[in-house]
>>> print(open('model29.cif').read())   # mmCIF, C-alpha atoms
data_data
loop_
_atom_site.label_atom_id
_atom_site.label_comp_id
_atom_site.auth_asym_id
_atom_site.auth_seq_id
_atom_site.Cartn_x
_atom_site.Cartn_y
_atom_site.Cartn_z
CA MET A 1 -12.02 -9.04 -11.89
CA LYS A 2 -9.47 -6.75 -13.51
CA ILE A 3 -6.29 -6.42 -11.43
CA VAL A 4 -3.63 -3.73 -11.52
CA GLU A 5 -0.06 -3.90 -10.26
CA VAL A 6 0.72 -1.36 -7.53
CA ARG A 7 3.72 -0.35 -5.46
CA VAL A 8 4.02 1.12 -1.99
CA ASN A 9 4.09 4.84 -2.66
CA GLY A 10 4.38 5.90 0.95
CA LEU A 11 3.58 5.36 4.57
CA ILE A 12 1.94 8.20 6.48
CA LEU A 13 1.12 8.79 10.11
CA GLU A 14 -2.13 10.78 10.09
CA HIS A 15 -1.62 13.34 12.84
CA LYS A 16 -5.21 13.88 13.99
CA SER A 17 -6.04 10.23 14.66
CA GLN A 18 -2.45 8.97 15.01
CA GLN A 19 -3.28 6.18 12.56
CA ASN A 20 -0.90 4.78 9.96
CA ILE A 21 -1.86 4.76 6.30
CA VAL A 22 -0.03 2.83 3.61
CA ILE A 23 -0.48 4.35 0.15
CA LEU A 24 -0.47 2.00 -2.81
CA ARG A 25 -0.17 3.56 -6.27
CA GLU A 26 -0.65 1.84 -9.59
CA VAL A 27 2.63 1.17 -11.41
CA GLU A 28 1.36 2.38 -14.78
CA GLY A 29 -0.73 5.33 -13.63
CA GLU A 30 -1.68 7.79 -10.94
CA ARG A 31 -4.54 6.11 -9.03
CA ILE A 32 -4.02 5.26 -5.38
CA LEU A 33 -5.38 3.07 -2.62
CA PRO A 34 -4.94 4.32 0.96
CA ILE A 35 -5.27 1.59 3.60
CA TRP A 36 -5.35 2.32 7.33
CA ILE A 37 -3.08 -0.16 9.12
CA GLY A 38 -1.94 -1.00 12.63
CA PRO A 39 1.30 0.29 14.18
CA GLY A 40 3.05 -3.10 14.10
CA GLU A 41 2.41 -3.60 10.41
CA ALA A 42 3.39 0.02 9.71
CA GLN A 43 6.69 -0.54 11.50
CA ALA A 44 7.30 -3.74 9.51
CA ILE A 45 6.63 -1.96 6.21
CA ARG A 46 8.62 1.14 7.21
CA ARG A 47 11.55 -1.05 8.25
CA ILE A 48 11.76 -2.82 4.90
CA LEU A 49 11.28 0.41 2.90
CA SER A 50 14.13 2.06 4.81
CA GLU A 51 16.25 -1.11 4.55
CA GLU A 52 16.67 -1.16 8.31
CA ALA A 53 18.24 -4.40 9.51
CA PHE A 54 17.36 -6.17 12.74
CA PRO A 55 19.68 -8.69 14.38
CA ARG A 56 16.92 -11.31 14.56
CA PRO A 57 13.97 -11.95 12.23
CA LEU A 58 10.67 -10.30 13.11
CA THR A 59 7.31 -11.91 12.32
CA HIS A 60 7.11 -11.01 8.61
CA ASP A 61 10.77 -11.93 8.14
CA LEU A 62 10.12 -15.26 9.86
CA LEU A 63 7.16 -16.04 7.61
CA HIS A 64 9.23 -15.29 4.51
CA LEU A 65 12.10 -17.46 5.80
CA ILE A 66 9.75 -20.37 6.53
CA VAL A 67 8.27 -20.23 3.03
CA GLU A 68 11.77 -20.20 1.51
CA GLY A 69 12.85 -23.01 3.87
CA LEU A 70 10.01 -25.14 2.51
CA LYS A 71 11.42 -24.59 -1.00
CA ALA A 72 8.43 -22.44 -1.90
CA LYS A 73 8.14 -18.86 -3.13
CA ILE A 74 5.74 -16.00 -2.47
CA THR A 75 4.82 -15.09 -6.03
CA ARG A 76 2.33 -12.26 -5.56
CA VAL A 77 -0.16 -10.53 -3.30
CA LEU A 78 -3.67 -9.54 -4.33
CA ILE A 79 -5.89 -7.04 -2.50
CA ALA A 80 -9.17 -8.16 -3.97
CA ASP A 81 -12.12 -6.76 -2.09
CA LEU A 82 -13.56 -4.30 0.41
CA ARG A 83 -16.54 -5.55 2.43
CA GLU A 84 -18.03 -3.91 5.50
CA ASN A 85 -15.04 -1.57 5.85
CA THR A 86 -12.52 -4.43 5.72
CA PHE A 87 -10.08 -5.08 2.89
CA TYR A 88 -9.47 -8.70 1.86
CA ALA A 89 -6.16 -9.91 0.48
CA SER A 90 -4.44 -13.13 -0.51
CA VAL A 91 -0.81 -14.16 -0.51
CA PHE A 92 0.04 -16.60 -3.31
CA VAL A 93 2.68 -19.21 -2.52
CA GLU A 94 4.07 -21.48 -5.21
CA ARG A 95 5.95 -24.73 -4.72
CA GLU A 96 6.86 -26.89 -7.70
CA SER A 97 3.64 -26.85 -9.76
CA GLU A 98 1.27 -26.12 -6.86
CA VAL A 99 -0.11 -22.67 -6.05
CA LEU A 100 -1.65 -21.94 -2.68
CA SER A 101 -3.77 -18.83 -2.03
CA ILE A 102 -3.70 -17.80 1.64
CA ASP A 103 -6.21 -15.31 3.10
CA ALA A 104 -4.40 -12.45 4.86
CA ARG A 105 -4.77 -8.86 5.95
CA PRO A 106 -3.50 -6.43 3.31
CA SER A 107 -0.99 -4.89 5.73
CA ASP A 108 0.61 -8.28 6.48
CA SER A 109 0.45 -9.21 2.80
CA ILE A 110 2.28 -6.02 1.81
CA ALA A 111 4.95 -6.53 4.50
CA VAL A 112 5.57 -10.10 3.31
CA ALA A 113 5.53 -9.14 -0.39
CA LEU A 114 8.16 -6.46 0.19
CA ARG A 115 10.44 -9.01 1.87
CA ALA A 116 9.90 -11.56 -0.89
CA LYS A 117 10.22 -8.91 -3.63
CA ALA A 118 6.87 -10.17 -4.92
CA PRO A 119 4.52 -7.98 -6.95
CA ILE A 120 1.42 -6.51 -5.32
CA PHE A 121 -1.86 -6.35 -7.23
CA VAL A 122 -5.15 -4.60 -6.46
CA ASN A 123 -8.66 -5.07 -7.80
CA ASP A 124 -9.06 -2.20 -10.27
CA LYS A 125 -12.36 -1.17 -8.65
CA LEU A 126 -10.59 -0.31 -5.37
CA LEU A 127 -8.25 2.28 -6.87
CA GLN A 128 -9.13 5.97 -6.66
CA PRO A 129 -8.05 8.95 -8.71
CA PRO A 130 -5.16 10.93 -7.24
CA PRO A 131 -6.01 14.00 -5.18
CA GLN A 132 -6.71 17.07 -7.28
CA GLN A 133 -5.44 20.56 -6.72
CA GLU A 134 -7.73 22.38 -4.34
CA GLU A 135 -9.38 25.71 -5.02
CA GLY A 136 -7.14 28.55 -3.97
CA GLU A 137 -3.99 26.43 -4.30
CA ALA A 138 -1.30 27.92 -6.47
CA ALA A 139 -1.10 26.20 -9.84
CA ALA A 140 2.19 24.82 -11.06
CA PRO A 141 3.95 27.49 -13.11
CA GLU A 142 3.85 27.18 -16.87
CA ALA A 143 6.75 25.29 -18.45
CA GLY A 144 6.75 26.84 -21.91
CA GLU A 145 4.66 25.89 -24.93
CA GLY A 146 1.50 26.29 -22.82
CA LYS A 147 2.09 23.12 -20.78
CA PRO A 148 2.03 23.26 -16.96
CA ARG A 149 5.15 21.82 -15.38
CA GLU A 150 5.05 18.48 -13.58
CA LEU A 151 4.69 18.70 -9.82
CA THR A 152 7.78 17.73 -7.85
CA GLU A 153 7.66 14.65 -5.64
CA GLU A 154 7.52 16.95 -2.59
CA GLU A 155 4.55 18.86 -4.04
CA LYS A 156 2.76 15.59 -4.86
CA ALA A 157 3.41 14.30 -1.33
CA GLU A 158 2.05 17.50 0.21
CA GLN A 159 -1.03 17.37 -2.01
CA LEU A 160 -1.61 13.74 -1.00
CA ARG A 161 -1.12 14.55 2.68
CA ARG A 162 -3.77 17.29 2.54
CA TYR A 163 -6.14 14.97 0.68
CA LEU A 164 -5.70 12.17 3.22
CA GLU A 165 -6.28 14.48 6.18
CA LYS A 166 -9.79 15.09 4.89
CA LEU A 167 -10.64 11.41 4.48
CA ASN A 168 -12.58 9.34 6.96
CA PRO A 169 -10.84 5.98 7.65
CA GLU A 170 -14.19 4.17 7.70
CA ASP A 171 -14.66 5.07 4.04
CA PHE A 172 -11.78 2.80 3.03
CA GLY A 173 -11.74 -0.06 5.49
CA LYS A 174 -10.39 -0.49 8.95
CA PHE A 175 -8.83 -3.52 10.50
CA GLN A 176 -9.95 -5.04 13.73
CA LEU A 177 -6.68 -5.51 15.61
#
>>> encode(input="model29.cif", output="C-alpha cells")
Amino acid sequence: MKIVEVRVNGLILEHKSQQNIVILREVEGERILPIWIGPGEAQAIRRILSEEAFPRPLTHDLLHLIVEGLKAKITRVLIADLRENTFYASVFVERESEVLSIDARPSDSIAVALRAKAPIFVNDKLLQPPPQQEEGEAAAPEAGEGKPRELTEEEKAEQLRRYLEKLNPEDFGKFQL
C-alpha cells in the first residue's frame, strides 16, 4: 500500500444534513479526502485547530496525556481502508523499541494526532482529485504571460464547499455512532 502524508485542510458543517466533514489534503499535492464525522469528534478537532483551551482535559486530551504518562509517543496515524462505507484507521504508539498499532476511527485518530503533533497518513487509493471549476463559473483572470492566476484560499474554499454539497456521505464512509 502506498501512503501519502495529509493535513487537516478544514472542517465543514454541511448545511443540508447538518453533518460535519473533516477535509484531509495531501501535503505535497491537491488531492483530498472528505470524511463525515460525528459532532463530538468535530468539536475536538475544531477546538485543537482553533487552539481553544479547556480548563480540564477532554477525552482526546486525556488519551494523549495517558500515552505520554506511560513514557510512550503517538508517532503517526494511518487511514488505511474504506470497507462497506466505513473508514479504518490506526494510531501508532511507540515506547522504547516497541511499536503498537491500535485500531481506531479516523475522526478520533485525527483528534489525537493533532494533540500529539503526529503526522497523518492516508492510503493513496482513498484520495480524490480536488473539485474542478464548474461550467458557467467565472474563470480566474489571466495573470500575464498566458497563465491563469492562482485561486485565493477563499475561492478554493468556496469551490470545495460547492463540491461537497453535491456529494452523498454514503459514497465516502459513514460512522456508526
>>> resolve_selection(input="model29.cif", expression="the PyMOL selection byres ((chain A and resi 39) around 12)", output="PyMOL selection string")
chain A and resi 11-14+18-22+36-38+40-47+107-108+175+177
>>> resolve_selection(input="model29.cif", expression="the PyMOL selection byres ((chain A and resi 29) around 10)", output="compact mmCIF listing (two decimals) with C-alpha atoms, in the frame of the given file")
# COMPACT_ATOMS: atom_id res chain seq x y z
CA VAL A 4 -3.63 -3.73 -11.52
CA GLU A 5 -0.06 -3.90 -10.26
CA VAL A 6 0.72 -1.36 -7.53
CA ARG A 25 -0.17 3.56 -6.27
CA GLU A 26 -0.65 1.84 -9.59
CA VAL A 27 2.63 1.17 -11.41
CA GLU A 28 1.36 2.38 -14.78
CA GLU A 30 -1.68 7.79 -10.94
CA ARG A 31 -4.54 6.11 -9.03
CA ILE A 32 -4.02 5.26 -5.38
CA PRO A 129 -8.05 8.95 -8.71
CA PRO A 130 -5.16 10.93 -7.24
>>> atom_distance(input="model29.cif", atom1="CA of Asp124 (chain A)", atom2="CA of Lys2 (chain A)")
5.6 Å
>>> closest_residue(input="model29.cif", among="A:Thr75, A:Val93, A:Ile110, A:Ile48", to="Ile23 (chain A)", atoms="all atoms listed in the file")
A:Ile110
>>> residues_around(input="model29.cif", residues="Val99 (chain A)", least_positions_apart="3", cutoff="12 Å", atoms="all atoms listed in the file", output="PyMOL selection string")
chain A and resi 72-76+90-96+102
>>> decode(input="model29.cif", residues="region 104-118 of chain A", atoms="all heavy atoms", output="compact mmCIF listing (two decimals), in the first residue's frame")
# COMPACT_ATOMS: atom_id res chain seq x y z
N ALA A 104 -8.65 2.34 15.31
CA ALA A 104 -9.41 3.50 15.79
C ALA A 104 -10.23 4.09 14.65
O ALA A 104 -9.95 3.85 13.48
CB ALA A 104 -8.46 4.56 16.34
N ARG A 105 -11.24 4.87 15.02
CA ARG A 105 -11.98 5.60 14.00
C ARG A 105 -11.09 6.74 13.49
O ARG A 105 -10.32 7.32 14.26
CB ARG A 105 -13.27 6.19 14.58
CG ARG A 105 -14.24 5.13 15.05
CD ARG A 105 -15.54 5.70 15.52
NE ARG A 105 -15.34 6.73 16.53
CZ ARG A 105 -16.32 7.44 17.07
NH1 ARG A 105 -17.57 7.24 16.69
NH2 ARG A 105 -16.08 8.35 17.97
N PRO A 106 -11.18 7.07 12.21
CA PRO A 106 -10.36 8.16 11.69
C PRO A 106 -10.57 9.48 12.43
O PRO A 106 -9.60 10.20 12.68
CB PRO A 106 -10.80 8.27 10.23
CG PRO A 106 -11.25 6.90 9.89
CD PRO A 106 -11.91 6.39 11.14
N SER A 107 -11.79 9.79 12.79
CA SER A 107 -12.05 11.06 13.47
C SER A 107 -11.32 11.13 14.81
O SER A 107 -10.72 12.16 15.15
CB SER A 107 -13.55 11.27 13.67
OG SER A 107 -14.12 10.16 14.33
N ASP A 108 -11.36 10.05 15.59
CA ASP A 108 -10.63 10.02 16.86
C ASP A 108 -9.12 10.05 16.60
O ASP A 108 -8.37 10.73 17.32
CB ASP A 108 -10.98 8.77 17.66
CG ASP A 108 -12.40 8.80 18.19
OD1 ASP A 108 -12.89 9.90 18.55
OD2 ASP A 108 -13.04 7.73 18.25
N SER A 109 -8.68 9.32 15.58
CA SER A 109 -7.26 9.27 15.25
C SER A 109 -6.74 10.67 14.90
O SER A 109 -5.66 11.07 15.34
CB SER A 109 -7.02 8.35 14.06
OG SER A 109 -7.46 7.05 14.35
N ILE A 110 -7.50 11.40 14.11
CA ILE A 110 -7.11 12.75 13.71
C ILE A 110 -7.05 13.66 14.94
O ILE A 110 -6.09 14.41 15.12
CB ILE A 110 -8.09 13.31 12.66
CG1 ILE A 110 -7.95 12.53 11.35
CG2 ILE A 110 -7.85 14.81 12.43
CD1 ILE A 110 -9.10 12.75 10.37
N ALA A 111 -8.06 13.59 15.80
CA ALA A 111 -8.10 14.42 17.01
C ALA A 111 -6.89 14.16 17.90
O ALA A 111 -6.28 15.08 18.44
CB ALA A 111 -9.40 14.20 17.77
N VAL A 112 -6.52 12.89 18.04
CA VAL A 112 -5.36 12.53 18.87
C VAL A 112 -4.06 12.95 18.18
O VAL A 112 -3.16 13.50 18.83
CB VAL A 112 -5.37 11.01 19.17
CG1 VAL A 112 -4.07 10.57 19.81
CG2 VAL A 112 -6.54 10.67 20.09
N ALA A 113 -3.95 12.73 16.88
CA ALA A 113 -2.74 13.12 16.15
C ALA A 113 -2.48 14.62 16.25
O ALA A 113 -1.33 15.04 16.42
CB ALA A 113 -2.85 12.70 14.68
N LEU A 114 -3.53 15.41 16.15
CA LEU A 114 -3.36 16.87 16.25
C LEU A 114 -2.81 17.26 17.62
O LEU A 114 -1.97 18.14 17.73
CB LEU A 114 -4.69 17.58 15.98
CG LEU A 114 -5.18 17.52 14.54
CD1 LEU A 114 -6.60 18.09 14.43
CD2 LEU A 114 -4.23 18.25 13.60
N ARG A 115 -3.28 16.59 18.68
CA ARG A 115 -2.79 16.89 20.02
C ARG A 115 -1.35 16.46 20.21
O ARG A 115 -0.58 17.13 20.89
CB ARG A 115 -3.69 16.22 21.06
CG ARG A 115 -4.97 16.99 21.26
CD ARG A 115 -6.11 16.14 21.78
NE ARG A 115 -7.29 16.97 21.97
CZ ARG A 115 -8.09 17.38 21.00
NH1 ARG A 115 -7.85 17.03 19.76
NH2 ARG A 115 -9.14 18.13 21.26
N ALA A 116 -1.00 15.34 19.59
CA ALA A 116 0.36 14.79 19.72
C ALA A 116 1.33 15.39 18.70
O ALA A 116 2.51 15.06 18.73
CB ALA A 116 0.31 13.27 19.58
N LYS A 117 0.81 16.22 17.81
CA LYS A 117 1.60 16.77 16.71
C LYS A 117 2.25 15.64 15.89
O LYS A 117 3.40 15.73 15.49
CB LYS A 117 2.62 17.77 17.22
CG LYS A 117 1.97 18.99 17.86
CD LYS A 117 2.98 19.98 18.36
CE LYS A 117 2.41 21.25 18.92
NZ LYS A 117 1.18 21.27 19.60
N ALA A 118 1.47 14.59 15.69
CA ALA A 118 1.93 13.43 14.92
C ALA A 118 1.43 13.54 13.49
O ALA A 118 0.34 14.05 13.24
CB ALA A 118 1.39 12.14 15.57
